[in-house]
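Working notes, beginning with the structure itself.
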Amino acid sequence: MAIIDRLIGSSIGWVPKPIVRKIATRYVAGESLDSALVVAKDLNRQGCMVTFDVLGEFIRQSEEADHTAAEYGDVLKAITAHGIDGNISIKLTAFGLLLDEAATYARVRSLVEAARDLGHFVRIDMEDSPCTDRTLAMLRRLREAGLSNVGVVVQAYLKRTMQDLATLADLRSSYRLCKGIYVESPDIAYKDAQEIRNNYLACLERMLDGGSYVGIATHDPWLVEKCAEILKKRGTPPADYEFQMLLGVAEGLRSEIVRGGHRLRVYVPFGRDWYGYCVRRLKENPKIGRYVLAGMFRRN
Ligand SMILES: Cc1cc2nc3c(=O)[nH]c(=O)nc-3n(C[C@H](O)[C@H](O)[C@H](O)COP(=O)(O)OP(=O)(O)OC[C@H]3O[C@@H](n4cnc5c(N)ncnc54)[C@H](O)[C@@H]3O)c2cc1C
C-alpha cells in the first residue's frame, strides 16, 4: 500500500487539471464565497453547521497575508448577512506565520476581534510540527488578550499533545481534536493506527475533564462509536461538543451522527487555490489519494 501511496503522491502533478478539478468538486465548495455559501446553506438545511476555510496557505509576501485576512473578513460578514450557522477556520501560515510573527498576530487578532463583534468563532487549524509551538503560543496570546471566541486544533498523532493539553489547561480553551494529516517523523508522532486512536480517546477524556468544548473531527467509524460511548457514559450534553467532518467525506456516517442527535460541523474549503490545495494535500499525505480513489467508486 505504501508503494501505491507514494506513486499517487509523486504522479499527481501529471494528472490533467480538469481531472483534478472533477475530483476536487466533491471536496472543495468552489472558487468563490458565493459558491461556498450555497454549499453552506444546503448543509445547514441538512442539520449540519459549517466552518469556512479560505484556501491558500502557502504565501511568499505579506500582501498575500493581508489579502487572506480581508477575505476572511468578508466571510464573517457573509455568515451574518446570510444567517449561516457557521464559523471560520484559519491557517496561521496563510496569515504570514513563516514571514513575520508580529504581523501575523496583529492580523489574526483583528480578525478574531471582528468575529467577536459579530458573535462568531475562529478556529485555528494546526499545521505541521514546525508550526506547533508558534500556533499554541498564538492561541495563548489571543486568549490572554481576553478573546474567548478563538480555539485551536490539536493532533492525536503527536506524542506531545497530551502534555500540550496540560500546559494549556488554564485557558479552558475550545479544541478541535483530529488525528493529524501531515507526515511527521516517528520520533515525534505515533505511527500505529491503533496507537493514534488510543491517544485520541485519551485526549478527548482529558479535554472533557478540563471543561473544554470539543470538536471531534474524524471520519473513522470505530472512533466515532468510541467517542459517542465516552460522551454517553459521562453524560456530556450535546451542547458541550460537536462532531466534525470534511466536505464530501463519509456522508453516510455524517447523516447517522446527525440522526443520533449530535451536533455536527462540516469543514467547507473554498477559493481560487483549490488546485494547489488538492495537490499539496495529496503530496503531503498520499494516503488521501487512496481515499479519494476509493470514494469515487463507493456510494456512501
Ligand atoms: C473538520 C476537520 C478538520 C481538520 N483539521 C485538521 C487540522 O487542522 N490539522 C490536521 O493536521 N488535520 C486536520 N484534519 C485531518 C485529520 O487530522 C485527519 O487526517 C483526517 O480526518 C483523517 O483521519 P480520520 O480520523 O478521518 O481517520 P482515517 O482512518 O484516516 O479515515 C477514516 C476514513 O475516512 C475517509 N477519509 C478520511 N480523510 C479523508 C479525506 N481527506 N478525503 C477522503 N476521504 C477521507 C476514508 O474513507 C477513511 O477510510 C481535519 C479533519 C477534519 C474532519
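Residue numbering restarts at 1 for every chain of the C-alpha cells, chains are lettered A, B, ... in their displayed order, and ligands are numbered from 1 as they appear.
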
Which of range 58-216 of chain A counts as helix (DSSP H, G or I) under DSSP, as a PyMOL selection string please?
chain A and resi 62-81+92-95+101-118+129-144+161-171+193-209

Which residues are near ligand 1 in this structure, taking near to mean any atom at most 6 Å from a ligand atom and counting only C-alpha atoms and all ligand atoms? Format them as an MDAnalysis selection string.
chainID A and resid 125:127 153 178:182 217:220 244:246 249 267 288 291:292

Find the residues around Gln46 in chain A up to 10 Å (only C-alpha atoms counted), leave out those fewer than 5 positions away in its own chain, and share them as an NGL selection string.
:A and (40-41 or 255 or 258)

Which residues of range 149-186 of chain A sit at most 9 Å from range 142-145 of chain A, using only C-alpha atoms? Give each one's shortest atom pair and distance in Å (one decimal place), in chain and ascending residue order, as a Markdown table.
```
| residue | atom | partner | partner_atom | distance |
| --- | --- | --- | --- | --- |
| A:Asn149 | CA | A:Arg143 | CA | 8.4 |
| A:Val150 | CA | A:Arg143 | CA | 7.4 |
| A:Gly151 | CA | A:Arg143 | CA | 8.6 |
| A:Leu171 | CA | A:Arg143 | CA | 7.1 |
| A:Ser173 | CA | A:Arg143 | CA | 8.3 |
```

Convert the current residue selection to file output with N, CA and C atoms, as a CSV table (one decimal), in the first residue's frame.
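Full text of out_17.csv as output:
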```csv
chain,number,residue,atom,x,y,z
A,149,ASN,N,-13.4,33.8,21.9
A,149,ASN,CA,-14.1,33.3,20.7
A,149,ASN,C,-13.0,32.7,19.8
A,150,VAL,N,-12.0,32.1,20.3
A,150,VAL,CA,-10.9,31.5,19.5
A,150,VAL,C,-10.5,30.2,20.1
A,151,GLY,N,-10.2,29.2,19.3
A,151,GLY,CA,-9.7,27.9,19.8
A,151,GLY,C,-8.8,27.3,18.8
A,171,LEU,N,-6.4,27.7,30.3
A,171,LEU,CA,-7.2,28.6,29.3
A,171,LEU,C,-8.6,28.0,29.1
A,173,SER,N,-9.7,26.2,27.0
A,173,SER,CA,-9.9,26.5,25.6
A,173,SER,C,-10.9,25.5,24.9
```

List as JSON, numbers by chain the protein and nucleic acid residues near Gly261 in chain A, meaning an atom at most 12 Å away when only C-alpha atoms are counted, but skip any in the same chain fewer than 2 places from it.
{"A": [47, 48, 228, 232, 237, 238, 239, 241, 242, 243, 254, 255, 256, 257, 258, 259, 263, 264]}

Between A:Leu43, A:Val54, A:Met138, A:Leu165, single out the one closest to Asp209 in chain A, counting only C-alpha atoms.
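Selected residue with least distance to Asp209 in chain A: A:Leu165.
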
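Nearest residue to Leu201 in chain A among A:Ser148, A:Thr25, A:Gln155, A:Ser129 is A:Gln155, counting only C-alpha atoms.
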
For Asp240 in chain A, the nearest of the candidates A:Asp53, A:Tyr175, A:Gly271, A:Tyr200, counting only C-alpha atoms:
A:Tyr175

Name the residues in contact with Lys77 in chain A at a cut-off of 10 Å, using only C-alpha atoms, excluding same-chain residues fewer than 6 positions from it; report them as a ChimeraX atom specification.
/A:83,114-115,118,120

Those of range 37-195 of chain A in DSSP strand (DSSP E or B), formatted as a count of residues only:
26
